Every structure is written in structure tokens, then in C-alpha cells.
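Novice: Mind having a look at this structure? Questions to follow.
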Amino acid sequence: MKYYSTNKNTPEVSLKEAVVKGLAADKGLFMPERIEKFESLFFDNIQNLSFQEIAFEVSKKFFGDDIHHEILKDIVYDTLQFDCPVVKVTDSIYSLELFHGPTMAFKDVGARFMARLLNYFLGEHDKQINVLVATSGDTGSAVANGFLGVDGIHVYVLYPKGKVSKIQESQFATLGKNITALEIEGTFDDCQRLVKSAFLDAELNEKLMLTSANSINVARFLPQAFYYFNAFARLKEQGILENNDLVVSVPSGNLGNITAGLFALEMGLPIKQFIVANNSNDIVFKYLETGKYQPRKSVETVANAMDVGEPSNFVRILDLYKNSHKTISKKLKGFRYSDTEIKAVVKKVYNETNYLCDPHGACGFEALSEYLSGTQIGLFLETAHPAKFTNTMEEIVGAENIKMPEKLSVFMKGDKISKLLNSEFNEFKKYLMKGV
Ligand SMILES: *Cc1c(COP(=O)(O)O)cnc(C)c1O
């Protein structure tokens with residue numbers, strides 16, 4: 001399978017090149033040249049397959065031409081060493097829990113897959129590869145843990161100073177080894193800009209082999225399609241979708257997760273409607289309403305992993321639907337929630353159902369509450385474990401109701417090792433040039 005750039009100003013590349021480069025030479029994002037559909041028979045029987053089996057079938061549609069099936073199967077099975085269960089919250093709303101991986105956020109899936117794929121591709125290189133990743137919280141931890149201890153790969157995590165939670169920071173800034181945490185005096189968008197500039201800097205790229213592990217990397221965002229298929233299978237298995245349409249609501253920031261969902265849709269997965277749920281960073285919500293895409297500086301919210309002012313995967317959605325606002329606004333319905341609303345939803349859902357949503361999942365839940373009609377079934381992505389946002393959650397439901405899982409408390413015990421940098425590209429570049 002070849003990968004083209006959304007800017008279409010550079011030749012198509014192989015999967016390996018797309019994964020290693022991350023970003024296309026013309027600053028576009030890579031897209032697979034085609035999306036292969038499943039036969040409807042696949043969906044008739046999907047409930048008989050396990051998560052890993054389903055993921056392997058999906059992965060073959062993306063990567064099957066480029067990687068030997070046995071190797072691909074190993075990568076998929078090794079990535080998915082944890083479940084992504086579907087849990088009932090109300091009569092019509094279900095939660096797709098994506099927080100059962102090592103760092104307890106959905107990004108574990110893409111990050112673990114990418115680390116394994118990159119490691120496979122790098123078998124042929126001797127030069128060290130440097131992974132640059134900008135994070136608003138959960139990407140850094142998922143990528144750092146996905147790559148920790150992998151030979152020949154060094155990971156630099158850039159994060160905005162004071163804008164990620166303590167627990168998030170501890171998950172990537174205490175690891176040491178081949179992981180370097182860079183605390184940037186700026187916003188997430190500054191971090192993202194630094195990473196993008198590094199990829200476009202000729203001198204840096206001559207000296208160092210650089211790649212990205214942000215959701216712009218095809219090896220990170222495509223595997224996220226796996227759990228949409230599996231969620232459909234698990235709902236079907238329980239007889240829930242017999243006569244009812246499925247609506248899927250995705251708490252969104254950089255739009256990697258929902259773009260993977262749209263790929264699943266275009267591969268034939270029977271989803272009636274996708275919902276994009278924003279916090280106050282409502283750039284996509286506004287685009288859907290007005291047809292105008294106006295990125296702007298991000299603002300801080302209690303759902304901080306969605307504090308993105310210029311969602312990088314938006315260009316993929318434009319590309320997928322040929323820049324048609326008409327098509328995109330049919331495929332996606334938008335909702336947005338202020339901090340006050342998010343907190344009220346967390347509280348309401350907890351009081352009424354005993355289910356604890358995190359602030360991101362709460363946006364997804366509430367959008368379904370507003371949107372669903374008739375016999376529709378709603379599924380929202382519970383994108384991280386609520387305990388990752390201790391302060392906010394304790395404020396909403398009380399400390400006695402937030403239990404810190406063992407997996408998270410282990411990270412909290414480590415010492416922080418990070419390097420403070422300002423948001424000037426030249427300072428970042430100088431630092432990288434010095435080496436580790
Ligand atoms: C990253 C993240 C999001 C946003 O996902 P995108 O793919 O960037 O849209 C939502 N919730 C949580 C908890 C996240 O970590």
C-alpha cells in the first residue's frame with residue numbers, strides 16, 4: 001500500500017517511509033491510497049471473533065500488503081495485551097472503556113502498535129532513531145511506556161509546563177533510560193509547533209534520524225480503528241444491536257481517534273452516526289455549524305487532553321471527504337461542553353448510574369444524551385481512567401470516591417527528571433543537536 005500526502009505535493013511513499021518520517025515532505029499528513037471494505041459477511045459473524053482476531057483482520061486491510069502476516073499478527077497480539085470492554089451505563093448508553101492498558105488511556109493502543117512496528121522496520125538500520133512527541137497529557141505517557149527500553153530508539157516527550165496533571169507527568173517524566181522529558185514554557189500548541197518545525201529543519205534531519213509518534217503517524221492512528229470494530233462485535237454479541245442503530249460519540253482533541261473511527265466506517269462498519277464531542281476548544285463544532293475552519297489558541301479546560309486549538313488530523317477528514325463541508329457535516333455531528341457542564345455531567349452520571357466518567361468521557365456521554373432518539377443505541381469512548389485526573393475528579397465527586405489504581409500509583413513513586421526549555425525553536429534545536 002502506498003501513502004500519499006494530504007498536500008499532494010510530494011511523491012507517494014511506502015508504509016515504512018510513512019512510519020519513519022511521520023510527516024510528509026510537503027508538511028501534509030500521510031493517507032493510505034485506498035480503504036479496503038469488508039464484505040458484509042464479516043459483520044454477520046464478527047461477534048464470534050475475539051478482540052485480537054478482529055484487530056488482526058482489520059490490520060491486514062491496512063498493512064497486509066507490506067508486512068508478513070505472521071509478523072503482523074505478532075505485533076497486533078502483543079499490542080493488545082489488555083481488553084477494551086463495553087460497559088452498560090444506561091438503558092441506551094454504553095461506555096467503550098479504553099483505559100485498561102499500561103498507562104490507562106486509549107493512546108496505549110496506537111503507541112504500543114507503533115513501537116512494535118517501528119522496531120520491526122528498524123531491524124535494518126544501525127543509526128539511532130529519535131522519536132519526538134508533543135503531548136497534552138496522555139500521548140507522552142503512552143508513547144514513553146510503549147517505547148521504554150526499546151533498543152535503538154530514543155524518545156523526547158515535549159509537554160506544556162504546568163498544564164498536565166501530576167499523574168500524567170509522572171508517567172513519562174520519571175522513566176529515564178531512553179526517555180527524555182522536555183518541559184516547555186508554553187502551550188500544547190507550542191509543543192506541537194516545535195515538533196513540526198524539527199521535522200522540517202534540514203540541518204537537524206541531516207544529523208539525526210527523527211520521527212514522530214503523535215497521532216499524525218499512520219502507525220498510531222490507524223490501529224485505533226481496531227476497537228471500534230470490537231465494540232460493535234461485543235454489542236452485537238449481547239443482542240443489543242438487533243433492531244437498533246448505533247451512534248458513536250468520540251471526545252476529541254487532535255481528532256486522531258475519531259478519524260480512525262471514520263476509517264472503520266468507510267471500511268463498512270455499520271455505524272449510523274458519529275459524534276465529535278469538544279470541550280471549550282470548539283473549533284470542529286464551529287466548523288460543522290458554519291463551514292468555516294478557524295483554528296485558534298487553545299484554552300485550558302478540565303478535559304485537558306482535548307485542549308487543542310489546531311487539530312492536526314482535521315486535514316485527514318477534509319481529504320477523506322474531498323473538502324466537502326456538506327459531507328463532513330453529515331458524517332459528524334458536533335457538540336461542545338464548558339467546564340461547568342462537564343463537571344455537572346460527571347456528577348449527574350455518577351449519582352444516577354454509579355458510573356464514573358472522566359472529564360473527557362463525560363463530553364462523549366452528554367453528547368449522546370442530547371442526540372439519541374427512538375431506539376438508537378449510543379456508545380461513547382471513555383478515553384482515560386478517571387483517576388488520571390485526580391484533582392478535578394475529587395472536586396466533583398469527593399476524594400472518597402476516587403480510587404488510585406495500583407498501575408498509576410507505581411508511577412507516582414518515581415522522581416521527576418525533566419529538562420525545562422522555552423518555546424523558541426532555536427533553543428529546542430540546540431538541545432537536540434547536543435545529543436543526549
Ligand atoms: C488524547 C485524548 C483525547 C483526544 O483524542 P484525539 O485523538 O486527539 O482527538 C481525549 N481524551 C483523552 C483522555 C485523551 O488522552
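To be explicit about the labels: the chains of the C-alpha cells are called A, B, and onward in the order shown, and within each one the residues are counted from 1, while ligands get numbers from 1 in the order they are shown.
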What do you get as a PyMOL selection string if you pick all residues at most 8 Å from ligand 1, counting only C-alpha atoms and all ligand atoms?

Specialist: chain A and resi 105-107+136-139+215+221+250-259+303-306+311+358+360-361+382-385

Novice: Can you list, as an mmCIF file with N, CA, C and O atoms, in the first residue's frame, every protein, DNA or RNA residue that comes within 12 Å of Ile71 (chain A) when you count only C-alpha atoms, leaving out same-chain residues fewer than 2 positions away?

Specialist:
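The resulting around.cif:
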data_model
loop_
_atom_site.group_PDB
_atom_site.id
_atom_site.type_symbol
_atom_site.label_atom_id
_atom_site.label_comp_id
_atom_site.auth_asym_id
_atom_site.auth_seq_id
_atom_site.Cartn_x
_atom_site.Cartn_y
_atom_site.Cartn_z
ATOM 1 N N PHE A 56 -6.601 -8.265 14.104
ATOM 2 C CA PHE A 56 -5.709 -8.824 13.084
ATOM 3 C C PHE A 56 -6.353 -8.702 11.689
ATOM 4 O O PHE A 56 -5.699 -8.312 10.717
ATOM 5 N N SER A 59 -6.128 -5.115 10.718
ATOM 6 C CA SER A 59 -4.745 -4.703 10.431
ATOM 7 C C SER A 59 -4.306 -5.195 9.057
ATOM 8 O O SER A 59 -3.534 -4.534 8.368
ATOM 9 N N LYS A 60 -4.809 -6.359 8.641
ATOM 10 C CA LYS A 60 -4.443 -6.866 7.314
ATOM 11 C C LYS A 60 -4.950 -5.939 6.212
ATOM 12 O O LYS A 60 -4.310 -5.782 5.183
ATOM 13 N N PHE A 63 -2.258 -2.996 6.578
ATOM 14 C CA PHE A 63 -0.811 -3.255 6.494
ATOM 15 C C PHE A 63 -0.465 -4.599 5.852
ATOM 16 O O PHE A 63 0.702 -4.959 5.760
ATOM 17 N N GLY A 64 -1.508 -5.336 5.457
ATOM 18 C CA GLY A 64 -1.312 -6.715 4.984
ATOM 19 C C GLY A 64 -0.433 -6.856 3.758
ATOM 20 O O GLY A 64 0.220 -7.885 3.573
ATOM 21 N N ASP A 66 2.198 -5.064 3.208
ATOM 22 C CA ASP A 66 3.557 -4.597 3.495
ATOM 23 C C ASP A 66 4.296 -5.396 4.556
ATOM 24 O O ASP A 66 5.500 -5.269 4.683
ATOM 25 N N ILE A 67 3.562 -6.144 5.352
ATOM 26 C CA ILE A 67 4.208 -6.888 6.432
ATOM 27 C C ILE A 67 3.723 -8.330 6.354
ATOM 28 O O ILE A 67 2.528 -8.579 6.158
ATOM 29 N N HIS A 68 4.642 -9.226 6.516
ATOM 30 C CA HIS A 68 4.297 -10.641 6.532
ATOM 31 C C HIS A 68 3.204 -10.881 7.581
ATOM 32 O O HIS A 68 3.289 -10.380 8.690
ATOM 33 N N HIS A 69 2.172 -11.657 7.207
ATOM 34 C CA HIS A 69 1.018 -11.800 8.110
ATOM 35 C C HIS A 69 1.369 -12.361 9.479
ATOM 36 O O HIS A 69 0.779 -11.962 10.478
ATOM 37 N N LYS A 73 0.618 -10.349 12.808
ATOM 38 C CA LYS A 73 -0.198 -10.977 13.850
ATOM 39 C C LYS A 73 0.496 -10.865 15.212
ATOM 40 O O LYS A 73 -0.137 -10.499 16.211
ATOM 41 N N ASP A 74 1.804 -11.122 15.237
ATOM 42 C CA ASP A 74 2.553 -10.984 16.498
ATOM 43 C C ASP A 74 2.470 -9.558 17.026
ATOM 44 O O ASP A 74 2.291 -9.337 18.224
ATOM 45 N N ILE A 75 2.628 -8.586 16.126
ATOM 46 C CA ILE A 75 2.586 -7.182 16.545
ATOM 47 C C ILE A 75 1.215 -6.847 17.126
ATOM 48 O O ILE A 75 1.099 -6.230 18.195
ATOM 49 N N VAL A 76 0.167 -7.276 16.440
ATOM 50 C CA VAL A 76 -1.196 -6.977 16.900
ATOM 51 C C VAL A 76 -1.481 -7.650 18.249
ATOM 52 O O VAL A 76 -1.964 -7.014 19.188
ATOM 53 N N TYR A 77 -1.148 -8.925 18.343
ATOM 54 C CA TYR A 77 -1.461 -9.658 19.570
ATOM 55 C C TYR A 77 -0.663 -9.121 20.752
ATOM 56 O O TYR A 77 -1.149 -9.033 21.865
ATOM 57 N N ASP A 78 0.585 -8.746 20.475
ATOM 58 C CA ASP A 78 1.430 -8.224 21.545
ATOM 59 C C ASP A 78 0.973 -6.819 21.971
ATOM 60 O O ASP A 78 1.064 -6.453 23.145
ATOM 61 N N ARG A 116 6.086 -1.276 18.229
ATOM 62 C CA ARG A 116 6.414 -2.607 17.725
ATOM 63 C C ARG A 116 6.683 -2.596 16.220
ATOM 64 O O ARG A 116 7.584 -3.272 15.727
ATOM 65 N N LEU A 117 5.901 -1.800 15.512
ATOM 66 C CA LEU A 117 6.091 -1.722 14.059
ATOM 67 C C LEU A 117 7.421 -1.038 13.727
ATOM 68 O O LEU A 117 8.174 -1.482 12.859
ATOM 69 N N ASN A 119 10.067 -0.800 15.597
ATOM 70 C CA ASN A 119 11.138 -1.696 15.989
ATOM 71 C C ASN A 119 11.387 -2.733 14.894
ATOM 72 O O ASN A 119 12.526 -3.029 14.532
ATOM 73 N N TYR A 120 10.311 -3.242 14.318
ATOM 74 C CA TYR A 120 10.416 -4.205 13.220
ATOM 75 C C TYR A 120 11.104 -3.573 12.006
ATOM 76 O O TYR A 120 12.038 -4.123 11.439
ATOM 77 N N PHE A 121 10.667 -2.372 11.628
ATOM 78 C CA PHE A 121 11.256 -1.707 10.464
ATOM 79 C C PHE A 121 12.720 -1.343 10.699
ATOM 80 O O PHE A 121 13.520 -1.337 9.783
#

Novice: For each of A:Leu204, A:Lys163, A:Glu169, A:Phe314, take the minimum atom-to-atom distance to Cys191 (chain A), counting only C-alpha atoms, then give the residue where this is smallest.

Specialist: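 Looking at the shortest contact to Cys191 (chain A), the residue is A:Lys163.
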
Novice: Given the choices A:Phe411, A:Ser5, A:Arg220, A:Gly186, which gets closest to Asn145 (chain A) if the distance is worked out from only C-alpha atoms?

Specialist: A:Phe411

Novice: Please provide as an MDAnalysis selection string all residues within 12 Å of Leu80 (chain A), with the sequence filter that same-chain residues fewer than 4 positions apart are discarded (counting only C-alpha atoms).

Specialist: chainID A and resid 50:56 73:76 84 98 100:102 106:113 116 146 223:224 226:227 230

Novice: Nearest to Thr103 (chain A) among A:Gln168, A:Asn313, A:Asn281, A:Thr211, with distances taken over only C-alpha atoms: which residue is it?

Specialist: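 Smallest distance to Thr103 (chain A) is found for A:Gln168.
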
Novice: Which of these, A:Leu320, A:Leu210, A:Leu158, A:Val150, has the shortest distance to Glu17 (chain A) once you count only C-alpha atoms?

Specialist: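 Closest to Glu17 (chain A), using only C-alpha atoms: A:Leu210.
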
Novice: Write out as a CSV table (one decimal) with N, CA, C and O atoms, in the first residue's frame the residues lying within 12 Å of Leu122 (chain A), counting only C-alpha atoms and excluding same-chain residues fewer than 4 positions away.

Specialist:
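In the end it all went to result-v6.csv:
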chain,number,residue,atom,x,y,z
A,16,LYS,N,6.7,1.9,5.3
A,16,LYS,CA,7.9,2.1,6.2
A,16,LYS,C,8.3,3.5,6.2
A,16,LYS,O,8.6,4.1,7.3
A,17,GLU,N,8.3,4.2,5.0
A,17,GLU,CA,8.7,5.6,5.0
A,17,GLU,C,7.7,6.4,5.7
A,17,GLU,O,8.1,7.4,6.4
A,19,VAL,N,5.9,5.7,8.2
A,19,VAL,CA,6.0,5.5,9.6
A,19,VAL,C,7.3,6.1,10.2
A,19,VAL,O,7.2,6.8,11.2
A,20,VAL,N,8.4,6.0,9.4
A,20,VAL,CA,9.6,6.5,9.9
A,20,VAL,C,9.6,8.0,9.8
A,20,VAL,O,10.1,8.8,10.7
A,114,MET,N,2.7,1.2,17.3
A,114,MET,CA,3.7,1.9,16.6
A,114,MET,C,5.1,1.5,17.1
A,114,MET,O,6.0,1.3,16.2
A,115,ALA,N,5.3,1.4,18.4
A,115,ALA,CA,6.6,1.0,18.9
A,115,ALA,C,7.0,-0.3,18.3
A,115,ALA,O,8.2,-0.5,17.9
A,116,ARG,N,6.1,-1.3,18.2
A,116,ARG,CA,6.4,-2.6,17.7
A,116,ARG,C,6.7,-2.6,16.2
A,116,ARG,O,7.6,-3.3,15.7
A,117,LEU,N,5.9,-1.8,15.5
A,117,LEU,CA,6.1,-1.7,14.1
A,117,LEU,C,7.4,-1.0,13.7
A,117,LEU,O,8.2,-1.5,12.9
A,118,LEU,N,7.7,0.0,14.4
A,118,LEU,CA,8.9,0.8,14.2
A,118,LEU,C,10.2,-0.1,14.5
A,118,LEU,O,11.1,-0.1,13.8
A,126,ASP,N,21.3,0.9,11.5
A,126,ASP,CA,22.1,0.9,12.7
A,126,ASP,C,22.0,2.2,13.5
A,126,ASP,O,22.2,2.3,14.7
A,127,LYS,N,21.6,3.3,12.7
A,127,LYS,CA,21.6,4.6,13.3
A,127,LYS,C,20.4,4.7,14.4
A,127,LYS,O,19.4,4.1,14.2
A,128,GLN,N,20.7,5.4,15.5
A,128,GLN,CA,19.6,5.6,16.5
A,128,GLN,C,18.5,6.4,15.9
A,128,GLN,O,18.8,7.4,15.2
A,129,ILE,N,17.3,6.1,16.2
A,129,ILE,CA,16.2,6.9,15.7
A,129,ILE,C,15.6,7.7,16.9
A,129,ILE,O,15.6,7.2,18.0
A,130,ASN,N,15.3,8.9,16.7
A,130,ASN,CA,14.7,9.8,17.7
A,130,ASN,C,13.3,10.1,17.5
A,130,ASN,O,12.9,10.6,16.5
A,150,VAL,N,13.2,0.1,24.4
A,150,VAL,CA,13.4,-0.5,23.1
A,150,VAL,C,14.7,0.0,22.5
A,150,VAL,O,15.0,1.2,22.4
A,151,ASP,N,15.6,-0.9,22.1
A,151,ASP,CA,16.9,-0.6,21.6
A,151,ASP,C,16.9,0.3,20.4
A,151,ASP,O,16.0,0.1,19.5
A,152,GLY,N,17.8,1.2,20.3
A,152,GLY,CA,18.0,2.0,19.1
A,152,GLY,C,17.0,3.1,18.9
A,152,GLY,O,17.0,3.8,17.9
A,153,ILE,N,16.1,3.3,19.9
A,153,ILE,CA,15.1,4.3,19.8
A,153,ILE,C,15.2,5.2,21.0
A,153,ILE,O,15.2,4.7,22.1
A,209,MET,N,18.2,11.1,12.9
A,209,MET,CA,17.1,10.5,12.3
A,209,MET,C,15.9,10.7,13.2
A,209,MET,O,15.9,10.3,14.4
A,211,THR,N,11.7,11.0,14.0
A,211,THR,CA,10.3,10.6,13.6
A,211,THR,C,9.3,11.0,14.7
A,211,THR,O,9.7,11.5,15.8
